[in-house]
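A quick write-up on the structure given underneath.
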Amino acid sequence: MGLEIVVDRDKCEGLGMCEAMASDYFEVREDDDGEESVHVIDPHPPEADRGHVHAATQACPVLALSLRG
């Protein structure tokens, strides 16, 4: 199965640190309720991007992101 980016929607505040660090994987968007939250562009990054994606998930100030695999 490989790597998987996981978002805890209850924690996400749409602050955009992940997008700033890895815009090829994360995008902050307005949801149906008018709140900003992260959208994962590609939830299964290749192993070669593990370090890049891991750094972006660790940058989340509200710990809404994790990387499985």
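Chain labels A, B, ... are given in the sequence in which chains occur in the structure tokens; within each chain residues are numbered consecutively from 1, and ligands are likewise numbered from 1 in the order shown.
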
> Using only C-alpha atoms, which residues sit within 10 Å of region 56-58 of chain A once same-chain residues fewer than 5 positions away are excluded, as number ranges by chain?
Replying inline: A: 5-7, 16-23, 25-26, 50-51, 63-67

> Hey, what's within 10 Å of Pro46 (chain A) if we count only C-alpha atoms and toss same-chain stuff fewer than 6 positions away? As an MDAnalysis selection string, please?
Replying inline: chainID A and resid 2:4 53

Written selection (C-alpha atoms) as a PDB file, in the first residue's frame:
```pdb
ATOM      1  CA  GLY A   2       2.898   2.424   0.654  1.00  0.00           C
ATOM      2  CA  LEU A   3       2.677   5.819   2.285  1.00  0.00           C
ATOM      3  CA  GLU A   4      -0.581   7.555   3.125  1.00  0.00           C
ATOM      4  CA  VAL A  53       5.995  15.031   3.112  1.00  0.00           C
TER       5      VAL A  53
END
```

>> Going by DSSP on the backbone, which residues of chain A come out as strand (DSSP E or B)? List them as a list in words.
In response: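 DSSP on the backbone gives strand (DSSP E or B) at Glu4, Ile5, Val6, Val7, Phe26, Glu27, Val28, Arg29, Glu30, Glu36, Ser37, Val38, His39, Val40, Leu65, Ser66, Leu67 and Arg68 of chain A.
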
>> Quick one: residues within 6 Å of Ser37 (chain A), only C-alpha atoms, excluding same-chain residues fewer than 6 positions away - as a list in words?
In response: Cys12, Glu13, Gly14, Val28 and Arg29 of chain A

> How many Å separate CA of Glu27 (chain A) from CA of His39 (chain A)?
Replying inline: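 These atoms are spaced 5.1 Å apart.
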
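Between His52 (chain A) and the residues A:Asp24, A:Val40, A:Arg68, A:Glu30, the shortest atom-to-atom distance, using only C-alpha atoms, involves A:Asp24.
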
>> Can you tell me, as a ChimeraX atom specification, which residues in chain A count as alpha helix (DSSP H) by DSSP?
In response: /A:17-21,50-58

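The space between CA of Gly34 (chain A) and CA of Val62 (chain A) spans 19.4 Å.
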
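Distances to Lys11 (chain A) were evaluated for A:Glu47, A:Asp31, A:Pro61, A:Gly69 using only C-alpha atoms, and the minimum falls at A:Pro61.
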